Amino acid sequence: IKRDTEEINISKIEEVDLKQSILGRILGYGSIEISWTGSGQIILKSIDEPLIFQKNLNNIKSNISWSI
């Protein structure tokens, strides 16, 4: 019943890296590493469709930076 959360401001995100093994590519899972200004990092392990997640997060990030 425990829950740990981390939140970051999208405008502070510097990199969104995809890590995916051969098996992960075949089965459609992988990990996303999000790093932001400073030394922070969040790793989302074994998520479904990580490439789609990465592209969507990068699109949101670029839309935010255009509106600032």
# chains A, B, ... in the order shown; residues from 1 in each chain; ligands from 1

$ residues_around --residues "region 53-61 of chain A" --least-positions-apart "3" --cutoff "8 Å" --atoms "only C-alpha atoms" --output "list in words"
Ile10, Ser11, Ile13, Val16, Asp17, Leu18, Ile32, Glu49, Pro50, Ile64 and Ser65 of chain A

$ residues_around --residues "Ser35 (chain A)" --least-positions-apart "2" --cutoff "9 Å" --atoms "only C-alpha atoms" --output "PDB file with all heavy atoms, in the first residue's frame"
ATOM      1  N   LYS A  12      11.722  21.954 -17.054  1.00  0.00           N
ATOM      2  CA  LYS A  12      13.042  21.684 -16.488  1.00  0.00           C
ATOM      3  C   LYS A  12      13.691  20.414 -17.055  1.00  0.00           C
ATOM      4  O   LYS A  12      14.849  20.142 -16.798  1.00  0.00           O
ATOM      5  CB  LYS A  12      12.959  21.547 -14.964  1.00  0.00           C
ATOM      6  CG  LYS A  12      12.380  22.733 -14.257  1.00  0.00           C
ATOM      7  CD  LYS A  12      13.336  23.883 -14.254  1.00  0.00           C
ATOM      8  CE  LYS A  12      12.737  25.030 -13.440  1.00  0.00           C
ATOM      9  NZ  LYS A  12      13.457  26.251 -13.615  1.00  0.00           N
ATOM     10  N   ILE A  13      12.931  19.623 -17.821  1.00  0.00           N
ATOM     11  CA  ILE A  13      13.465  18.374 -18.381  1.00  0.00           C
ATOM     12  C   ILE A  13      14.543  18.695 -19.409  1.00  0.00           C
ATOM     13  O   ILE A  13      14.336  19.509 -20.300  1.00  0.00           O
ATOM     14  CB  ILE A  13      12.356  17.532 -19.022  1.00  0.00           C
ATOM     15  CG1 ILE A  13      11.388  17.020 -17.957  1.00  0.00           C
ATOM     16  CG2 ILE A  13      12.947  16.349 -19.801  1.00  0.00           C
ATOM     17  CD1 ILE A  13      10.191  16.281 -18.520  1.00  0.00           C
ATOM     18  N   GLU A  14      15.690  18.040 -19.265  1.00  0.00           N
ATOM     19  CA  GLU A  14      16.779  18.218 -20.223  1.00  0.00           C
ATOM     20  C   GLU A  14      16.855  17.065 -21.216  1.00  0.00           C
ATOM     21  O   GLU A  14      17.061  17.282 -22.396  1.00  0.00           O
ATOM     22  CB  GLU A  14      18.113  18.359 -19.491  1.00  0.00           C
ATOM     23  CG  GLU A  14      18.250  19.657 -18.737  1.00  0.00           C
ATOM     24  CD  GLU A  14      19.592  19.798 -18.055  1.00  0.00           C
ATOM     25  OE1 GLU A  14      20.340  18.794 -17.962  1.00  0.00           O
ATOM     26  OE2 GLU A  14      19.886  20.913 -17.602  1.00  0.00           O
ATOM     27  N   GLU A  15      16.724  15.826 -20.729  1.00  0.00           N
ATOM     28  CA  GLU A  15      16.854  14.655 -21.598  1.00  0.00           C
ATOM     29  C   GLU A  15      15.799  13.617 -21.266  1.00  0.00           C
ATOM     30  O   GLU A  15      15.426  13.439 -20.115  1.00  0.00           O
ATOM     31  CB  GLU A  15      18.227  14.006 -21.425  1.00  0.00           C
ATOM     32  CG  GLU A  15      19.374  14.815 -21.958  1.00  0.00           C
ATOM     33  CD  GLU A  15      20.693  14.057 -21.857  1.00  0.00           C
ATOM     34  OE1 GLU A  15      20.691  12.831 -22.068  1.00  0.00           O
ATOM     35  OE2 GLU A  15      21.694  14.701 -21.555  1.00  0.00           O
ATOM     36  N   VAL A  16      15.369  12.920 -22.314  1.00  0.00           N
ATOM     37  CA  VAL A  16      14.470  11.777 -22.172  1.00  0.00           C
ATOM     38  C   VAL A  16      15.107  10.651 -22.971  1.00  0.00           C
ATOM     39  O   VAL A  16      15.069  10.640 -24.191  1.00  0.00           O
ATOM     40  CB  VAL A  16      13.054  12.090 -22.707  1.00  0.00           C
ATOM     41  CG1 VAL A  16      12.147  10.882 -22.525  1.00  0.00           C
ATOM     42  CG2 VAL A  16      12.471  13.321 -22.034  1.00  0.00           C
ATOM     43  N   ASP A  17      15.755   9.722 -22.267  1.00  0.00           N
ATOM     44  CA  ASP A  17      16.499   8.636 -22.915  1.00  0.00           C
ATOM     45  C   ASP A  17      15.716   7.334 -22.863  1.00  0.00           C
ATOM     46  O   ASP A  17      15.080   7.022 -21.858  1.00  0.00           O
ATOM     47  CB  ASP A  17      17.854   8.432 -22.243  1.00  0.00           C
ATOM     48  CG  ASP A  17      18.756   9.643 -22.392  1.00  0.00           C
ATOM     49  OD1 ASP A  17      18.703  10.298 -23.443  1.00  0.00           O
ATOM     50  OD2 ASP A  17      19.527   9.922 -21.451  1.00  0.00           O
ATOM     51  N   GLU A  33      14.634   7.066 -19.095  1.00  0.00           N
ATOM     52  CA  GLU A  33      15.394   7.821 -18.101  1.00  0.00           C
ATOM     53  C   GLU A  33      15.174   9.301 -18.377  1.00  0.00           C
ATOM     54  O   GLU A  33      15.498   9.792 -19.453  1.00  0.00           O
ATOM     55  CB  GLU A  33      16.878   7.479 -18.184  1.00  0.00           C
ATOM     56  CG  GLU A  33      17.177   6.041 -17.833  1.00  0.00           C
ATOM     57  CD  GLU A  33      18.656   5.688 -17.957  1.00  0.00           C
ATOM     58  OE1 GLU A  33      19.480   6.582 -18.238  1.00  0.00           O
ATOM     59  OE2 GLU A  33      18.972   4.505 -17.776  1.00  0.00           O
ATOM     60  N   THR A  37      17.302  19.699 -15.039  1.00  0.00           N
ATOM     61  CA  THR A  37      18.264  20.688 -14.581  1.00  0.00           C
ATOM     62  C   THR A  37      18.765  20.321 -13.196  1.00  0.00           C
ATOM     63  O   THR A  37      17.992  20.008 -12.309  1.00  0.00           O
ATOM     64  CB  THR A  37      17.607  22.091 -14.538  1.00  0.00           C
ATOM     65  OG1 THR A  37      17.021  22.336 -15.800  1.00  0.00           O
ATOM     66  CG2 THR A  37      18.610  23.152 -14.211  1.00  0.00           C
ATOM     67  N   GLY A  38      20.068  20.353 -13.043  1.00  0.00           N
ATOM     68  CA  GLY A  38      20.677  19.913 -11.786  1.00  0.00           C
ATOM     69  C   GLY A  38      21.133  18.479 -11.941  1.00  0.00           C
ATOM     70  O   GLY A  38      21.559  18.056 -13.004  1.00  0.00           O
ATOM     71  N   SER A  39      20.977  17.709 -10.910  1.00  0.00           N
ATOM     72  CA  SER A  39      21.450  16.316 -10.961  1.00  0.00           C
ATOM     73  C   SER A  39      20.324  15.309 -10.790  1.00  0.00           C
ATOM     74  O   SER A  39      20.563  14.164 -10.439  1.00  0.00           O
ATOM     75  CB  SER A  39      22.507  16.097  -9.879  1.00  0.00           C
ATOM     76  OG  SER A  39      21.944  16.343  -8.604  1.00  0.00           O
ATOM     77  N   GLY A  40      19.102  15.719 -11.033  1.00  0.00           N
ATOM     78  CA  GLY A  40      17.974  14.816 -10.818  1.00  0.00           C
ATOM     79  C   GLY A  40      17.754  13.853 -11.963  1.00  0.00           C
ATOM     80  O   GLY A  40      18.071  14.148 -13.109  1.00  0.00           O
ATOM     81  N   GLN A  41      17.209  12.684 -11.620  1.00  0.00           N
ATOM     82  CA  GLN A  41      16.900  11.689 -12.640  1.00  0.00           C
ATOM     83  C   GLN A  41      15.784  10.778 -12.135  1.00  0.00           C
ATOM     84  O   GLN A  41      15.762  10.384 -10.979  1.00  0.00           O
ATOM     85  CB  GLN A  41      18.129  10.853 -12.973  1.00  0.00           C
ATOM     86  CG  GLN A  41      17.904   9.881 -14.100  1.00  0.00           C
ATOM     87  CD  GLN A  41      19.154   9.096 -14.446  1.00  0.00           C
ATOM     88  OE1 GLN A  41      19.804   8.560 -13.570  1.00  0.00           O
ATOM     89  NE2 GLN A  41      19.469   9.055 -15.720  1.00  0.00           N
ATOM     90  N   ILE A  42      14.863  10.475 -13.032  1.00  0.00           N
ATOM     91  CA  ILE A  42      13.806   9.507 -12.758  1.00  0.00           C
ATOM     92  C   ILE A  42      13.942   8.405 -13.803  1.00  0.00           C
ATOM     93  O   ILE A  42      14.112   8.688 -14.991  1.00  0.00           O
ATOM     94  CB  ILE A  42      12.406  10.140 -12.856  1.00  0.00           C
ATOM     95  CG1 ILE A  42      12.207  11.186 -11.773  1.00  0.00           C
ATOM     96  CG2 ILE A  42      11.320   9.071 -12.762  1.00  0.00           C
ATOM     97  CD1 ILE A  42      10.897  11.940 -11.881  1.00  0.00           C
ATOM     98  N   ILE A  43      13.883   7.155 -13.363  1.00  0.00           N
ATOM     99  CA  ILE A  43      13.934   6.020 -14.279  1.00  0.00           C
ATOM    100  C   ILE A  43      12.604   5.277 -14.192  1.00  0.00           C
ATOM    101  O   ILE A  43      12.196   4.845 -13.122  1.00  0.00           O
ATOM    102  CB  ILE A  43      15.105   5.069 -13.947  1.00  0.00           C
ATOM    103  CG1 ILE A  43      16.430   5.827 -14.035  1.00  0.00           C
ATOM    104  CG2 ILE A  43      15.091   3.862 -14.873  1.00  0.00           C
ATOM    105  CD1 ILE A  43      17.632   5.043 -13.561  1.00  0.00           C
TER     106      ILE A  43
END

$ select_by_dssp --residues "chain A" --states "strand (DSSP E)" --output "ChimeraX atom specification"
/A:13-19,29-36,41-48

$ write_last_selection --atoms "N, CA, C and O atoms" --output "compact mmCIF listing (two decimals), in the first residue's frame"
# COMPACT_ATOMS: atom_id res chain seq x y z
N ILE A 13 12.93 19.62 -17.82
CA ILE A 13 13.47 18.37 -18.38
C ILE A 13 14.54 18.69 -19.41
O ILE A 13 14.34 19.51 -20.30
N GLU A 14 15.69 18.04 -19.27
CA GLU A 14 16.78 18.22 -20.22
C GLU A 14 16.85 17.06 -21.22
O GLU A 14 17.06 17.28 -22.40
N GLU A 15 16.72 15.83 -20.73
CA GLU A 15 16.85 14.66 -21.60
C GLU A 15 15.80 13.62 -21.27
O GLU A 15 15.43 13.44 -20.11
N VAL A 16 15.37 12.92 -22.31
CA VAL A 16 14.47 11.78 -22.17
C VAL A 16 15.11 10.65 -22.97
O VAL A 16 15.07 10.64 -24.19
N ASP A 17 15.75 9.72 -22.27
CA ASP A 17 16.50 8.64 -22.91
C ASP A 17 15.72 7.33 -22.86
O ASP A 17 15.08 7.02 -21.86
N LEU A 18 15.79 6.59 -23.95
CA LEU A 18 15.14 5.29 -24.06
C LEU A 18 16.18 4.19 -23.96
O LEU A 18 17.21 4.24 -24.63
N LYS A 19 15.95 3.22 -23.10
CA LYS A 19 16.81 2.04 -22.97
C LYS A 19 15.94 0.83 -23.27
O LYS A 19 14.93 0.60 -22.61
N TYR A 29 8.59 -3.40 -24.65
CA TYR A 29 8.78 -2.74 -23.37
C TYR A 29 10.21 -2.20 -23.29
O TYR A 29 11.08 -2.57 -24.06
N GLY A 30 10.42 -1.32 -22.34
CA GLY A 30 11.75 -0.75 -22.13
C GLY A 30 11.71 0.22 -20.96
O GLY A 30 10.72 0.31 -20.25
N SER A 31 12.80 0.95 -20.79
CA SER A 31 12.90 1.91 -19.70
C SER A 31 13.14 3.31 -20.26
O SER A 31 13.78 3.47 -21.29
N ILE A 32 12.62 4.28 -19.55
CA ILE A 32 12.81 5.68 -19.90
C ILE A 32 13.56 6.35 -18.75
O ILE A 32 13.18 6.19 -17.59
N GLU A 33 14.63 7.07 -19.09
CA GLU A 33 15.39 7.82 -18.10
C GLU A 33 15.17 9.30 -18.38
O GLU A 33 15.50 9.79 -19.45
N ILE A 34 14.62 9.99 -17.39
CA ILE A 34 14.33 11.42 -17.52
C ILE A 34 15.29 12.17 -16.60
O ILE A 34 15.32 11.92 -15.40
N SER A 35 16.08 13.06 -17.18
CA SER A 35 16.96 13.89 -16.35
C SER A 35 16.60 15.35 -16.54
O SER A 35 16.10 15.75 -17.58
N TRP A 36 16.81 16.13 -15.49
CA TRP A 36 16.43 17.54 -15.53
C TRP A 36 17.54 18.40 -14.97
O TRP A 36 18.56 17.90 -14.52
N GLN A 41 17.21 12.68 -11.62
CA GLN A 41 16.90 11.69 -12.64
C GLN A 41 15.78 10.78 -12.13
O GLN A 41 15.76 10.38 -10.98
N ILE A 42 14.86 10.47 -13.03
CA ILE A 42 13.81 9.51 -12.76
C ILE A 42 13.94 8.41 -13.80
O ILE A 42 14.11 8.69 -14.99
N ILE A 43 13.88 7.15 -13.36
CA ILE A 43 13.93 6.02 -14.28
C ILE A 43 12.60 5.28 -14.19
O ILE A 43 12.20 4.84 -13.12
N LEU A 44 11.94 5.19 -15.33
CA LEU A 44 10.69 4.43 -15.43
C LEU A 44 11.05 3.08 -16.05
O LEU A 44 11.35 2.99 -17.23
N LYS A 45 11.01 2.03 -15.25
CA LYS A 45 11.46 0.72 -15.70
C LYS A 45 10.32 -0.11 -16.26
O LYS A 45 9.19 -0.07 -15.76
N SER A 46 10.65 -0.86 -17.30
CA SER A 46 9.74 -1.85 -17.90
C SER A 46 8.36 -1.29 -18.21
O SER A 46 7.35 -1.86 -17.81
N ILE A 47 8.33 -0.19 -18.95
CA ILE A 47 7.03 0.35 -19.34
C ILE A 47 6.68 -0.13 -20.75
O ILE A 47 7.55 -0.40 -21.57
N ASP A 48 5.40 -0.23 -21.02
CA ASP A 48 4.91 -0.61 -22.35
C ASP A 48 5.12 0.54 -23.32
O ASP A 48 4.95 1.70 -22.96

$ atom_distance --atom1 "CA of Ile26 (chain A)" --atom2 "CA of Leu51 (chain A)"
12.7 Å

$ select_by_dssp --residues "chain A" --states "alpha helix (DSSP H)" --output "list in words"
Ile22, Leu23, Gly24, Arg25, Ile26, Leu27, Pro50, Leu51, Ile52, Phe53, Gln54, Lys55, Asn56, Leu57, Asn58, Asn59, Ile60, Lys61, Ser62, Asn63, Ile64, Ser65, Trp66 and Ser67 of chain A

$ write_last_selection --atoms "C-alpha atoms" --output "tab-separated table (two decimals), in the first residue's frame"
chain	number	residue	atom	x	y	z
A	22	ILE	CA	16.46	-6.76	-28.11
A	23	LEU	CA	13.87	-8.75	-26.15
A	24	GLY	CA	12.27	-5.48	-25.05
A	25	ARG	CA	12.00	-4.37	-28.68
A	26	ILE	CA	10.36	-7.67	-29.65
A	27	LEU	CA	7.92	-7.62	-26.72
A	50	PRO	CA	8.52	3.29	-24.37
A	51	LEU	CA	9.23	4.82	-27.79
A	52	ILE	CA	5.72	6.27	-27.95
A	53	PHE	CA	6.08	7.55	-24.37
A	54	GLN	CA	9.42	9.19	-25.23
A	55	LYS	CA	8.04	10.86	-28.37
A	56	ASN	CA	4.95	12.14	-26.54
A	57	LEU	CA	7.00	13.55	-23.67
A	58	ASN	CA	9.39	15.24	-26.09
A	59	ASN	CA	6.42	16.73	-28.01
A	60	ILE	CA	4.90	18.09	-24.81
A	61	LYS	CA	8.28	19.48	-23.79
A	62	SER	CA	8.79	21.27	-27.12
A	63	ASN	CA	5.22	22.68	-27.07
A	64	ILE	CA	5.83	24.07	-23.57
A	65	SER	CA	9.11	25.71	-24.59
A	66	TRP	CA	7.44	27.37	-27.61
A	67	SER	CA	4.74	28.88	-25.43

$ decode --residues "region 36-67 of chain A" --atoms "N, CA and C atoms" --output "CSV table (one decimal), in the first residue's frame"
chain,number,residue,atom,x,y,z
A,36,TRP,N,16.8,16.1,-15.5
A,36,TRP,CA,16.4,17.5,-15.5
A,36,TRP,C,17.5,18.4,-15.0
A,37,THR,N,17.3,19.7,-15.0
A,37,THR,CA,18.3,20.7,-14.6
A,37,THR,C,18.8,20.3,-13.2
A,38,GLY,N,20.1,20.4,-13.0
A,38,GLY,CA,20.7,19.9,-11.8
A,38,GLY,C,21.1,18.5,-11.9
A,39,SER,N,21.0,17.7,-10.9
A,39,SER,CA,21.4,16.3,-11.0
A,39,SER,C,20.3,15.3,-10.8
A,40,GLY,N,19.1,15.7,-11.0
A,40,GLY,CA,18.0,14.8,-10.8
A,40,GLY,C,17.8,13.9,-12.0
A,41,GLN,N,17.2,12.7,-11.6
A,41,GLN,CA,16.9,11.7,-12.6
A,41,GLN,C,15.8,10.8,-12.1
A,42,ILE,N,14.9,10.5,-13.0
A,42,ILE,CA,13.8,9.5,-12.8
A,42,ILE,C,13.9,8.4,-13.8
A,43,ILE,N,13.9,7.2,-13.4
A,43,ILE,CA,13.9,6.0,-14.3
A,43,ILE,C,12.6,5.3,-14.2
A,44,LEU,N,11.9,5.2,-15.3
A,44,LEU,CA,10.7,4.4,-15.4
A,44,LEU,C,11.0,3.1,-16.0
A,45,LYS,N,11.0,2.0,-15.3
A,45,LYS,CA,11.5,0.7,-15.7
A,45,LYS,C,10.3,-0.1,-16.3
A,46,SER,N,10.6,-0.9,-17.3
A,46,SER,CA,9.7,-1.8,-17.9
A,46,SER,C,8.4,-1.3,-18.2
A,47,ILE,N,8.3,-0.2,-19.0
A,47,ILE,CA,7.0,0.4,-19.3
A,47,ILE,C,6.7,-0.1,-20.8
A,48,ASP,N,5.4,-0.2,-21.0
A,48,ASP,CA,4.9,-0.6,-22.4
A,48,ASP,C,5.1,0.5,-23.3
A,49,GLU,N,5.4,0.2,-24.6
A,49,GLU,CA,5.6,1.2,-25.6
A,49,GLU,C,6.4,2.4,-25.3
A,50,PRO,N,7.7,2.2,-24.8
A,50,PRO,CA,8.5,3.3,-24.4
A,50,PRO,C,8.9,4.3,-25.5
A,51,LEU,N,8.9,3.9,-26.7
A,51,LEU,CA,9.2,4.8,-27.8
A,51,LEU,C,8.1,5.8,-28.0
A,52,ILE,N,6.9,5.4,-27.9
A,52,ILE,CA,5.7,6.3,-27.9
A,52,ILE,C,5.7,7.2,-26.8
A,53,PHE,N,6.0,6.7,-25.6
A,53,PHE,CA,6.1,7.5,-24.4
A,53,PHE,C,7.1,8.6,-24.5
A,54,GLN,N,8.3,8.2,-25.0
A,54,GLN,CA,9.4,9.2,-25.2
A,54,GLN,C,9.0,10.3,-26.2
A,55,LYS,N,8.4,9.9,-27.4
A,55,LYS,CA,8.0,10.9,-28.4
A,55,LYS,C,7.0,11.8,-27.8
A,56,ASN,N,6.0,11.3,-27.1
A,56,ASN,CA,4.9,12.1,-26.5
A,56,ASN,C,5.5,13.1,-25.5
A,57,LEU,N,6.4,12.7,-24.7
A,57,LEU,CA,7.0,13.5,-23.7
A,57,LEU,C,7.8,14.6,-24.3
A,58,ASN,N,8.6,14.3,-25.4
A,58,ASN,CA,9.4,15.2,-26.1
A,58,ASN,C,8.5,16.3,-26.8
A,59,ASN,N,7.4,15.8,-27.4
A,59,ASN,CA,6.4,16.7,-28.0
A,59,ASN,C,5.8,17.7,-27.0
A,60,ILE,N,5.4,17.2,-25.9
A,60,ILE,CA,4.9,18.1,-24.8
A,60,ILE,C,6.0,19.1,-24.4
A,61,LYS,N,7.2,18.6,-24.2
A,61,LYS,CA,8.3,19.5,-23.8
A,61,LYS,C,8.5,20.6,-24.8
A,62,SER,N,8.5,20.2,-26.1
A,62,SER,CA,8.8,21.3,-27.1
A,62,SER,C,7.6,22.2,-27.2
A,63,ASN,N,6.4,21.8,-27.0
A,63,ASN,CA,5.2,22.7,-27.1
A,63,ASN,C,5.3,23.7,-25.9
A,64,ILE,N,5.7,23.2,-24.7
A,64,ILE,CA,5.8,24.1,-23.6
A,64,ILE,C,6.9,25.1,-23.8
A,65,SER,N,8.0,24.7,-24.4
A,65,SER,CA,9.1,25.7,-24.6
A,65,SER,C,8.7,26.8,-25.6
A,66,TRP,N,7.9,26.4,-26.6
A,66,TRP,CA,7.4,27.4,-27.6
A,66,TRP,C,6.5,28.4,-27.0
A,67,SER,N,5.7,28.0,-26.0
A,67,SER,CA,4.7,28.9,-25.4
A,67,SER,C,5.3,29.8,-24.4
